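What follows is the content of entry-v2.cif, which has mmCIF, C-alpha atoms:
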data_query
loop_
_atom_site.group_PDB
_atom_site.id
_atom_site.type_symbol
_atom_site.label_atom_id
_atom_site.label_comp_id
_atom_site.auth_asym_id
_atom_site.auth_seq_id
_atom_site.Cartn_x
_atom_site.Cartn_y
_atom_site.Cartn_z
ATOM 1 C CA MET N 1 141.231 51.374 52.968
ATOM 2 C CA ARG N 2 144.823 50.327 52.430
ATOM 3 C CA ASN N 3 143.939 48.814 49.035
ATOM 4 C CA ILE N 4 142.296 52.062 47.932
ATOM 5 C CA LEU N 5 145.377 54.034 48.968
ATOM 6 C CA ILE N 6 147.624 51.640 47.030
ATOM 7 C CA LEU N 7 145.376 51.977 43.969
ATOM 8 C CA ILE N 8 145.502 55.791 44.164
ATOM 9 C CA VAL N 9 149.307 55.768 44.470
ATOM 10 C CA MET N 10 149.592 53.373 41.505
ATOM 11 C CA MET N 11 147.301 55.507 39.344
ATOM 12 C CA ALA N 12 149.211 58.666 40.250
ATOM 13 C CA SER N 13 152.460 56.905 39.365
ATOM 14 C CA VAL N 14 151.102 55.918 35.965
ATOM 15 C CA PHE N 15 150.036 59.505 35.230
ATOM 16 C CA VAL N 16 153.429 60.850 36.256
ATOM 17 C CA ALA N 17 155.280 58.184 34.277
ATOM 18 C CA GLU N 18 153.116 58.701 31.208
ATOM 19 C CA GLY N 19 153.693 62.472 31.140
ATOM 20 C CA CYS N 20 151.447 65.419 30.520
ATOM 21 C CA THR N 21 151.469 68.604 28.499
ATOM 22 C CA ILE N 22 151.585 71.875 30.348
ATOM 23 C CA THR N 23 153.328 74.542 28.308
ATOM 24 C CA HIS N 24 155.431 74.690 25.182
ATOM 25 C CA LYS N 25 156.873 77.373 22.929
ATOM 26 C CA PHE N 26 156.882 76.902 19.150
ATOM 27 C CA GLY N 27 158.560 78.983 16.465
ATOM 28 C CA PRO N 28 159.459 81.344 15.056
ATOM 29 C CA PHE N 29 158.448 80.386 11.532
ATOM 30 C CA CYS N 30 159.400 82.258 8.378
ATOM 31 C CA GLY N 31 159.494 81.853 4.645
ATOM 32 C CA LYS N 32 158.263 83.006 1.279
ATOM 33 C CA VAL N 33 155.331 82.021 -0.939
ATOM 34 C CA VAL N 34 155.847 82.331 -4.702
ATOM 35 C CA ASP N 35 154.094 81.525 -7.966
ATOM 36 C CA ALA N 36 155.351 78.082 -9.041
ATOM 37 C CA GLU N 37 155.642 79.060 -12.704
ATOM 38 C CA SER N 38 156.938 82.638 -12.628
ATOM 39 C CA GLY N 39 158.733 82.641 -9.271
ATOM 40 C CA LYS N 40 157.069 85.971 -8.436
ATOM 41 C CA PRO N 41 155.989 86.568 -4.829
ATOM 42 C CA ILE N 42 152.376 85.965 -3.877
ATOM 43 C CA GLU N 43 151.096 88.777 -1.692
ATOM 44 C CA GLY N 44 148.179 88.144 0.665
ATOM 45 C CA ALA N 45 148.405 84.351 0.901
ATOM 46 C CA VAL N 46 147.369 82.995 4.292
ATOM 47 C CA VAL N 47 149.873 80.840 6.170
ATOM 48 C CA ALA N 48 148.195 78.909 8.996
ATOM 49 C CA VAL N 49 150.145 76.817 11.489
ATOM 50 C CA TRP N 50 148.660 74.556 14.121
ATOM 51 C CA PHE N 51 150.089 72.780 17.113
ATOM 52 C CA SER N 52 149.088 69.375 18.450
ATOM 53 C CA THR N 53 149.511 66.989 21.321
ATOM 54 C CA LYS N 54 149.710 63.235 20.994
ATOM 55 C CA ARG N 55 148.957 60.405 23.360
ATOM 56 C CA PRO N 56 148.884 56.635 23.146
ATOM 57 C CA SER N 57 145.624 54.727 22.975
ATOM 58 C CA MET N 58 144.558 51.139 22.449
ATOM 59 C CA GLY N 59 144.306 51.826 18.704
ATOM 60 C CA GLY N 60 147.607 53.702 18.368
ATOM 61 C CA MET N 61 148.618 57.337 18.748
ATOM 62 C CA VAL N 62 145.907 59.999 18.928
ATOM 63 C CA TRP N 63 146.644 63.587 17.924
ATOM 64 C CA ARG N 64 144.598 66.568 19.143
ATOM 65 C CA VAL N 65 144.984 70.143 17.958
ATOM 66 C CA ALA N 66 145.898 72.469 20.819
ATOM 67 C CA ASP N 67 146.074 75.867 19.111
ATOM 68 C CA ALA N 68 146.557 77.602 15.760
ATOM 69 C CA VAL N 69 147.909 80.891 14.421
ATOM 70 C CA GLU N 70 147.952 82.474 10.991
ATOM 71 C CA THR N 71 149.438 85.389 9.090
ATOM 72 C CA LEU N 72 149.343 86.867 5.594
ATOM 73 C CA THR N 73 152.283 87.170 3.223
ATOM 74 C CA ASP N 74 153.581 90.684 2.528
ATOM 75 C CA ALA N 75 154.288 92.361 -0.851
ATOM 76 C CA ASN N 76 157.468 90.262 -1.176
ATOM 77 C CA GLY N 77 155.523 87.049 -0.506
ATOM 78 C CA GLU N 78 157.258 86.693 2.845
ATOM 79 C CA PHE N 79 155.750 85.693 6.161
ATOM 80 C CA ARG N 80 156.902 85.541 9.746
ATOM 81 C CA ILE N 81 155.130 84.000 12.701
ATOM 82 C CA SER N 82 156.626 85.006 16.041
ATOM 83 C CA PRO N 83 157.304 82.409 18.725
ATOM 84 C CA HIS N 84 154.013 81.134 20.107
ATOM 85 C CA ARG N 85 153.612 79.775 23.636
ATOM 86 C CA ILE N 86 150.730 77.471 24.501
ATOM 87 C CA ASN N 87 149.631 76.829 28.072
ATOM 88 C CA LEU N 88 147.551 73.692 28.213
ATOM 89 C CA PHE N 89 147.153 70.753 30.542
ATOM 90 C CA ARG N 90 146.470 67.339 29.021
ATOM 91 C CA LEU N 91 147.177 64.193 31.002
ATOM 92 C CA MET N 92 149.129 61.403 29.338
ATOM 93 C CA ALA N 93 149.971 63.584 26.334
ATOM 94 C CA TRP N 94 153.100 65.028 24.775
ATOM 95 C CA TRP N 95 153.633 67.933 22.430
ATOM 96 C CA GLU N 96 153.996 67.015 18.769
ATOM 97 C CA SER N 97 157.339 68.572 17.858
ATOM 98 C CA ASP N 98 156.347 69.285 14.242
ATOM 99 C CA CYS N 99 153.719 71.901 13.430
ATOM 100 C CA GLN N 100 151.313 71.411 10.543
ATOM 101 C CA VAL N 101 150.968 74.131 7.930
ATOM 102 C CA SER N 102 148.362 75.185 5.400
ATOM 103 C CA ILE N 103 148.999 77.873 2.767
ATOM 104 C CA PHE N 104 146.235 79.190 0.554
ATOM 105 C CA LYS N 105 145.234 82.072 -1.662
ATOM 106 C CA PRO N 106 142.182 81.961 -3.944
ATOM 107 C CA GLY N 107 143.220 81.067 -7.481
ATOM 108 C CA TYR N 108 146.310 79.127 -6.391
ATOM 109 C CA GLY N 109 146.929 75.507 -5.458
ATOM 110 C CA ALA N 110 146.660 74.891 -1.708
ATOM 111 C CA TYR N 111 149.800 73.725 0.086
ATOM 112 C CA PRO N 112 150.305 70.901 0.967
ATOM 113 C CA GLY N 113 147.150 69.272 -0.408
ATOM 114 C CA ASN N 114 147.422 70.204 -4.079
ATOM 115 C CA SER N 115 149.745 67.775 -5.883
ATOM 116 C CA LYS N 116 151.370 70.591 -7.900
ATOM 117 C CA THR N 117 152.534 72.539 -4.831
ATOM 118 C CA TYR N 118 155.993 72.017 -3.378
ATOM 119 C CA SER N 119 158.537 73.593 -1.059
ATOM 120 C CA SER N 120 162.279 74.074 -0.740
ATOM 121 C CA LEU N 121 162.340 71.613 2.155
ATOM 122 C CA LYS N 122 164.696 68.704 1.685
ATOM 123 C CA ASN N 123 164.350 65.557 3.782
ATOM 124 C CA TYR N 124 161.482 67.018 5.795
ATOM 125 C CA ARG N 125 157.958 65.758 6.317
ATOM 126 C CA TYR N 126 155.710 67.345 3.703
ATOM 127 C CA LEU N 127 152.836 68.557 5.908
ATOM 128 C CA TYR N 128 154.991 70.274 8.497
ATOM 129 C CA LEU N 129 156.710 73.634 8.884
ATOM 130 C CA PRO N 130 160.134 73.658 10.546
ATOM 131 C CA GLU N 131 161.005 76.211 13.216
ATOM 132 C CA ASN N 132 163.758 78.748 12.535
ATOM 133 C CA LYS N 133 164.204 77.656 8.927
ATOM 134 C CA TYR N 134 163.409 79.987 6.029
ATOM 135 C CA THR N 135 161.370 77.945 3.572
ATOM 136 C CA ARG N 136 160.058 78.766 0.100
ATOM 137 C CA PHE N 137 156.650 77.459 -0.949
ATOM 138 C CA PHE N 138 155.629 77.211 -4.598
ATOM 139 C CA LEU N 139 151.937 77.463 -5.467
ATOM 140 C CA PRO N 140 150.660 76.922 -9.022
ATOM 141 C CA ARG N 141 148.104 79.308 -10.488
ATOM 142 C CA LEU N 142 144.864 77.458 -11.180
ATOM 143 C CA LEU N 143 143.371 78.415 -14.525
ATOM 144 C CA SER N 144 140.109 76.530 -14.857
ATOM 145 C CA LEU N 145 137.005 76.678 -12.709
ATOM 146 C CA GLU N 146 137.160 72.886 -12.338
ATOM 147 C CA GLU N 147 140.762 73.021 -11.005
ATOM 148 C CA ARG N 148 139.744 75.661 -8.494
ATOM 149 C CA LYS N 149 136.729 73.651 -7.380
ATOM 150 C CA GLU N 150 138.831 70.478 -6.924
ATOM 151 C CA ASN N 151 141.478 72.480 -5.037
ATOM 152 C CA LEU N 152 138.979 73.286 -2.284
ATOM 153 C CA SER N 153 139.261 69.713 -1.016
ATOM 154 C CA ASP N 154 143.071 70.159 -0.885
ATOM 155 C CA ILE N 155 142.945 72.881 1.767
ATOM 156 C CA GLU N 156 144.242 71.521 5.064
ATOM 157 C CA GLU N 157 142.390 72.741 8.144
ATOM 158 C CA PRO N 158 143.004 71.910 11.790
ATOM 159 C CA VAL N 159 140.289 69.606 13.106
ATOM 160 C CA GLY N 160 138.776 70.622 16.414
ATOM 161 C CA ILE N 161 139.985 74.229 16.509
ATOM 162 C CA ASP N 162 137.775 77.289 16.748
ATOM 163 C CA PHE N 163 137.720 78.980 13.334
ATOM 164 C CA GLU N 164 138.223 82.320 15.081
ATOM 165 C CA LYS N 165 141.874 81.228 15.380
ATOM 166 C CA ILE N 166 142.205 81.032 11.566
ATOM 167 C CA PRO N 167 139.818 83.695 10.217
ATOM 168 C CA HIS N 168 141.716 84.460 6.992
ATOM 169 C CA LEU N 169 141.968 80.813 5.959
ATOM 170 C CA ARG N 170 138.259 80.328 6.515
ATOM 171 C CA LYS N 171 137.399 83.635 4.773
ATOM 172 C CA PHE N 172 139.536 82.880 1.703
ATOM 173 C CA GLU N 173 138.103 79.388 1.458
ATOM 174 C CA SER N 174 134.572 80.798 1.639
ATOM 175 C CA GLU N 175 135.381 83.403 -1.045
ATOM 176 C CA GLU N 176 136.766 80.703 -3.328
ATOM 177 C CA ARG N 177 133.692 78.528 -2.781
ATOM 178 C CA TYR N 178 131.513 81.462 -3.878
ATOM 179 C CA LYS N 179 133.680 82.161 -6.954
ATOM 180 C CA VAL N 180 133.383 78.557 -8.177
ATOM 181 C CA GLY N 181 129.608 78.394 -7.645
ATOM 182 C CA LEU N 182 129.472 76.595 -4.284
ATOM 183 C CA GLN N 183 127.750 77.680 -1.099
ATOM 184 C CA PRO N 184 130.145 79.880 0.952
ATOM 185 C CA TYR N 185 130.690 79.163 4.639
ATOM 186 C CA GLN N 186 128.559 81.106 7.095
#
Encoded form (structure tokens):
Amino acid sequence: MRNILILIVMMASVFVAEGCTITHKFGPFCGKVVDAESGKPIEGAVVAVWFSTKRPSMGGMVWRVADAVETLTDANGEFRISPHRINLFRLMAWWESDCQVSIFKPGYGAYPGNSKTYSSLKNYRYLYLPENKYTRFFLPRLLSLEERKENLSDIEEPVGIDFEKIPHLRKFESEERYKVGLQPYQ
């Protein structure tokens, strides 16, 4: 009995020492999406942001998406995502401090996947959106059907999240698939 009690105390100590995620607030996020060539604002582009936890494993770090939010750009190409709090319990996991971003509008290169897209971020990881920092994103207009078809594989989507969290991203991607002759998503 004593050995079992010692084992339970040791396991509890490991869990406490390793940490866990409970709640975290991200954001706000803001910026502007513009045409890469003309510099004109792109109205109606979807900006999706997702939040992850990470934990160590035998094979290295493992990331899991915890939640996602999205918004559309306004007539000036600007977007704002209010602070977002996530309440989640995951043992032996920590919040990833950087949030991944995906920006897309049919007919334009998808950020960050399309090689012709870029942002005003300097010295910042390409896939991520900084909190409290106004950032400009430049999307090229895609002219050929082949460019638009190839661009579909450049759209970043959070793995393991319910698509109800990102309905505009999924809808726009489905519309673009239809326009280039592919089967739209159901």
Choose the residue, out of N:Gln186, N:Ser102, N:Ser115, N:Thr73, that has the smallest atom-to-atom separation from Lys32 in chain N; count all atoms listed in the file. N:Thr73
Of the residues N:Leu129, N:Leu139, N:Val180, N:Met92, which is the one nearest to Leu152 in chain N, using only C-alpha atoms?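 Closest to Leu152 in chain N, using only C-alpha atoms: N:Val180.
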Choose the residue, out of N:Lys25, N:Arg55, N:His168, N:Lys179, that has the smallest atom-to-atom separation from Thr71 in chain N; count only C-alpha atoms.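 Going through N:Lys25, N:Arg55, N:His168, N:Lys179 one by one, the smallest distance to Thr71 in chain N is for N:His168.
Here CA of Tyr134 in chain N stands at a distance of 9.1 Å from CA of Ser120 in chain N.
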For the structure shown, which residues end up in the PyMOL selection byres ((chain N and resi 147) around 12)? Put them as a count of residues only, please? 24
CA of Thr23 in chain N to CA of Phe89 in chain N measures 7.6 Å
Counting only C-alpha atoms, closest pick from N:Ile42, N:Leu182, N:Leu72, N:Ile4 relative to Pro167 in chain N is N:Leu72
Residues near Cys30 in chain N, anyone? I mean within 8 Å using only C-alpha atoms, not counting same-chain ones fewer than 6 positions away, as a compact mmCIF listing (two decimals) with C-alpha atoms, in the frame of the given file.
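The resulting file, out.txt, is shown below:
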# COMPACT_ATOMS: atom_id res chain seq x y z
CA GLU N 78 157.26 86.69 2.84
CA PHE N 79 155.75 85.69 6.16
CA ARG N 80 156.90 85.54 9.75
CA ILE N 81 155.13 84.00 12.70
CA GLU N 131 161.00 76.21 13.22
CA ASN N 132 163.76 78.75 12.54
CA LYS N 133 164.20 77.66 8.93
CA TYR N 134 163.41 79.99 6.03
CA THR N 135 161.37 77.94 3.57
Residues within 12 Å of Glu164 in chain N, please, as a VMD selection string. Count all atoms listed in the file; anything in the same chain fewer than 5 positions from it doesn't count. chain N and resid 67 to 70 158 169 to 171
File of the preceding selection, C-alpha atoms, as a short mmCIF file (atom, residue, chain, number, x, y, z; two decimals), keeping the file's coordinate frame:
data_model
loop_
_atom_site.label_atom_id
_atom_site.label_comp_id
_atom_site.auth_asym_id
_atom_site.auth_seq_id
_atom_site.Cartn_x
_atom_site.Cartn_y
_atom_site.Cartn_z
CA ASP N 67 146.07 75.87 19.11
CA ALA N 68 146.56 77.60 15.76
CA VAL N 69 147.91 80.89 14.42
CA GLU N 70 147.95 82.47 10.99
CA PRO N 158 143.00 71.91 11.79
CA LEU N 169 141.97 80.81 5.96
CA ARG N 170 138.26 80.33 6.52
CA LYS N 171 137.40 83.64 4.77
#
Name the residues captured by the PyMOL selection byres ((chain N and resi 82) around 7) when it is applied to the shown file; answer as an MDAnalysis selection string. chainID N and resid 27:29 80:81 83:84
Carefully work through the PyMOL selection byres ((chain N and resi 56) around 12) for this structure and note down the residues it includes, as an MDAnalysis selection string. chainID N and resid 18:20 53:55 57:64 91:94
Can you measure CA of Trp50 in chain N to CA of Ala66 in chain N for me? One decimal in Å is fine.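 Computing it gives 7.5 Å between the two atoms.
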When you count only C-alpha atoms, which of these residues is closest to Glu173 in chain N: N:Tyr128, N:Tyr118, N:Phe104, N:Tyr111?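 Nearest to Glu173 in chain N: N:Phe104.
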Please identify all polymer residues within 9 Å of Asp98 in chain N, counting all atoms listed in the file, omitting same-chain residues fewer than 2 positions from it, and present them as an MDAnalysis selection string. chainID N and resid 51:52 95:96 100 125 128:131
